[in-house]
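Q: One structure, pasted below without further comment.
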Amino acid sequence: SILPYIFEGNGDEARRARIHYRQAVGELFTDSFARQIKQWCNQRGVKSGGHYLLNGYLIHHVQGYGDLMKFVSEFDVPALDIPIPNPNQFMNFNYQMSRFFSSVTAWKERDTTLILLDPIIGGYGMNRLSPEMPLLLNAANMASFHGVNTFTSYLPREPKQGAKGYTKEEYRFLNEYIGRMTQVLRGARRDAGVGLYYPIAMFQSDLLASNSRWGDINNQHKHRQGAWDNTEKALLKADIEYMIVHPEGVAQAQVAQGRMKIGHGIYHTLVMPQLDFLPIAVAKQLAQFQKTGGKILWIDTVPRGGEHSKNDAPIKAWLKDAKPTQAAQLAQAIPASFSAKFDLAFTPGTDQLVIGRFHRGGKPVYLLVNRLQKPITASVTKKAGRGSVTVLDPSTGKISRVGLPAKLPMEANRALMLMP
């Protein structure tokens with residue numbers, strides 16, 4: 001009577017059955033593939049890794065892996081394959097898919113997140129093997145902003161298959177530009193006080209077994225995907241520093257004094273998006289987190305029960321007074337998402353300039369990225385008093401000490417790195 005639910009059914013019993021089925025698939029695939037590869041590699045003195053497909057769609061985190069973040073967590077080096085978007089896609093492309101992987105790196109207390117800048121996927125094909133330099137720089141900037149610190153690609157130096165290739169100067173510039181950023185970001189950790197819960201179970205509960213192609217599957221689940229995207233975009237727009245936290249990470253976290261420690265991350269606020277059901281182990285941790293002063297924001301809906309019906313009563317009792325928050329209210333609900341040592345303020349806003357805050361060796365590092373395809377000026381002030389900051393320009397390698405407040409010119413599609 002349970003097996004048909006893999007193919008049909010919209011009730012709670014059917015959806016819970018699919019959660020448990022997909023969780024089993026995720027565990028088996030992780031154990032039989034990712035974990036075995038890691039063990040084989042480690043026995044031979046090398047690290048395991050690899051890139052995965054359709055990273056931006058959570059329904060395909062289920063379709064392809066059962067649970068993508070869990071699967072990736074059993075590789076030594078979390079890695080992804082990402083397209084290089086064209087100029088008309090700069091402002092709306094889903095660069096934040098990189099954060100699933102940098103979040104796994106933080107969860108498992110590793111130090112490397114790798115990306116393949118892919119000139120072919122995304123519908124571009126073999127006729128665009130040599131994307132224009134602004135496209136490459138923009139993709140590298142935004143991946144770095146989301147926590148990537150190692151880059152690969154297969155861009156041809158010489159003309160090939162109709163691709164124009166790059167001059168020796170262009171190729172050297174690109175490698176030095178990325179190299180300077182990653183030299184600073186390797187070993188750095190994001191200073192994020194907000195954990196965004198990975199709602200993989202809701203996508204597991206929705207996915208029906210079918211012979212549909214991946215694009216059709218996306219269309220069938222675009223409402224829930226859109227809700228996730230809107231939550232993440234609201235955090236980014238409000239300049240809120242966050243990492244994505246897996247349910248297993250939450251269930252195994254250390255909780256004390258209103259803080260939840262998951263791997264390298266320490267969170268004072270958890271954002272819980274669009275959840276109908278909650279694992280009892282997660283619910284118990286959240287209750288303790290809340291009791292000691294932690295903040296929980298339920299986005300759009302409050303869970304109505306457990307992933308097992310036998311746990312409905314205690315979860316409902318705990319959440320009886322909980323109220324949902326809208327994604328648009330996150331900016332007001334989270335007034336401080338990073339530590340006080342990050343005391344520099346910037347203009348313009350995130351529609352033009354995004355700021356990544358990292359700490360390396362206990363010292364703050366800011367990554368500033370010009371989102372626009374034209375020059376801007378970044379204004380930098382110290383929230384209390386005056387001071388100075390070291391500025392690294394990855395375009396030139398120039399390092400300078402600048403007094404604050406300061407106005408820093410930024411070329412189109414370029415980044416700067418600041419260290420107080």
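To be explicit about the labels: the chains of the structure tokens are called A, B, and onward in the order shown, and within each one the residues are counted from 1, while ligands get numbers from 1 in the order they are shown.
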List every residue of region 111-297 of chain A that DSSP, applied to the backbone of this structure, places in helix (DSSP H, G or I), and write the result as a ChimeraX atom specification.
A: /A:126-128,133-145,168-185,200-206,214-220,222-237,247-251,280-291
Q: Which residues, written as a ChimeraX atom specification, have at least one atom at most 10 Å from Gln252 (chain A), with only C-alpha atoms counted and residues fewer than 4 positions away on the same chain left out?
A: /A:247-248,260-263,281-282,285
Q: Would you write out those residues with N, CA, C and O atoms, as a CSV table (one decimal), in the first residue's frame?
A:
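Dumped to result-v9.csv:
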```csv
chain,number,residue,atom,x,y,z
A,247,PRO,N,20.0,19.5,7.4
A,247,PRO,CA,19.3,18.9,8.5
A,247,PRO,C,20.2,18.1,9.4
A,247,PRO,O,20.1,18.2,10.7
A,248,GLU,N,21.1,17.3,8.9
A,248,GLU,CA,21.9,16.5,9.7
A,248,GLU,C,22.9,17.3,10.5
A,248,GLU,O,23.3,17.0,11.6
A,260,MET,N,24.3,28.2,17.6
A,260,MET,CA,24.4,26.8,17.1
A,260,MET,C,25.6,26.7,16.3
A,260,MET,O,25.8,27.4,15.3
A,261,LYS,N,26.5,25.8,16.7
A,261,LYS,CA,27.8,25.5,16.0
A,261,LYS,C,27.6,24.3,15.1
A,261,LYS,O,27.4,23.2,15.6
A,262,ILE,N,27.8,24.5,13.8
A,262,ILE,CA,27.7,23.5,12.8
A,262,ILE,C,29.0,23.6,12.0
A,262,ILE,O,29.2,24.5,11.2
A,263,GLY,N,30.0,22.6,12.2
A,263,GLY,CA,31.2,22.7,11.6
A,263,GLY,C,32.0,24.0,11.9
A,263,GLY,O,32.1,24.4,13.1
A,281,ALA,N,14.6,15.1,15.5
A,281,ALA,CA,15.9,15.4,16.0
A,281,ALA,C,16.2,16.9,15.7
A,281,ALA,O,16.8,17.6,16.6
A,282,VAL,N,15.8,17.4,14.6
A,282,VAL,CA,16.0,18.8,14.3
A,282,VAL,C,15.1,19.7,15.2
A,282,VAL,O,15.5,20.7,15.7
A,285,GLN,N,16.6,20.1,18.6
A,285,GLN,CA,17.7,21.0,18.6
A,285,GLN,C,17.2,22.4,18.5
A,285,GLN,O,17.8,23.3,19.2
```
Q: Would you mind telling me which residue in A:Phe100, A:Phe277, A:Tyr171, A:Trp40 lies nearest to Asp12 (chain A) when using only C-alpha atoms?
A: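 Closest to Asp12 (chain A) of all the choices is A:Phe277.
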Q: Could the residues of region 249-333 of chain A that have an atom at most 8 Å from region 186-199 of chain A be listed as JSON lines, each with its closest atom pair and the distance in Å to one decimal, counting only C-alpha atoms and ordered by chain and ascending residue number?
A:
```
{"residue": "A:His264", "atom": "CA", "partner": "A:Arg189", "partner_atom": "CA", "distance": 7.7}
{"residue": "A:Gly265", "atom": "CA", "partner": "A:Ala192", "partner_atom": "CA", "distance": 7.2}
{"residue": "A:Ile266", "atom": "CA", "partner": "A:Gly193", "partner_atom": "CA", "distance": 6.2}
{"residue": "A:Tyr267", "atom": "CA", "partner": "A:Gly193", "partner_atom": "CA", "distance": 4.3}
{"residue": "A:His268", "atom": "CA", "partner": "A:Gly193", "partner_atom": "CA", "distance": 5.5}
{"residue": "A:Thr269", "atom": "CA", "partner": "A:Val194", "partner_atom": "CA", "distance": 4.9}
{"residue": "A:Leu270", "atom": "CA", "partner": "A:Gly195", "partner_atom": "CA", "distance": 4.7}
{"residue": "A:Val271", "atom": "CA", "partner": "A:Leu196", "partner_atom": "CA", "distance": 4.8}
{"residue": "A:Met272", "atom": "CA", "partner": "A:Tyr197", "partner_atom": "CA", "distance": 5.2}
{"residue": "A:Pro273", "atom": "CA", "partner": "A:Pro199", "partner_atom": "CA", "distance": 6.7}
{"residue": "A:Gln274", "atom": "CA", "partner": "A:Pro199", "partner_atom": "CA", "distance": 7.5}
{"residue": "A:Leu275", "atom": "CA", "partner": "A:Pro199", "partner_atom": "CA", "distance": 6.8}
```
Q: Step one, run DSSP on the backbone; step two, keep only residues of region 64-206 of chain A assigned to strand (DSSP E or B); then write them as a PyMOL selection string.
A: chain A and resi 77+79-83+114-118+150-153+160+163+189-190+194-197
Q: Between A:Gln96, A:Gln220, A:Ser144, A:Ser379, which has the minimum distance to Leu236 (chain A) (counting only C-alpha atoms)?
A: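 Of A:Gln96, A:Gln220, A:Ser144, A:Ser379, the one nearest Leu236 (chain A), counting only C-alpha atoms, is A:Gln96.
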Q: If you measure from CA of Leu404 (chain A) to CA of Asn149 (chain A), what distance in Å do you get, rounded to one decimal?
A: 28.2 Å
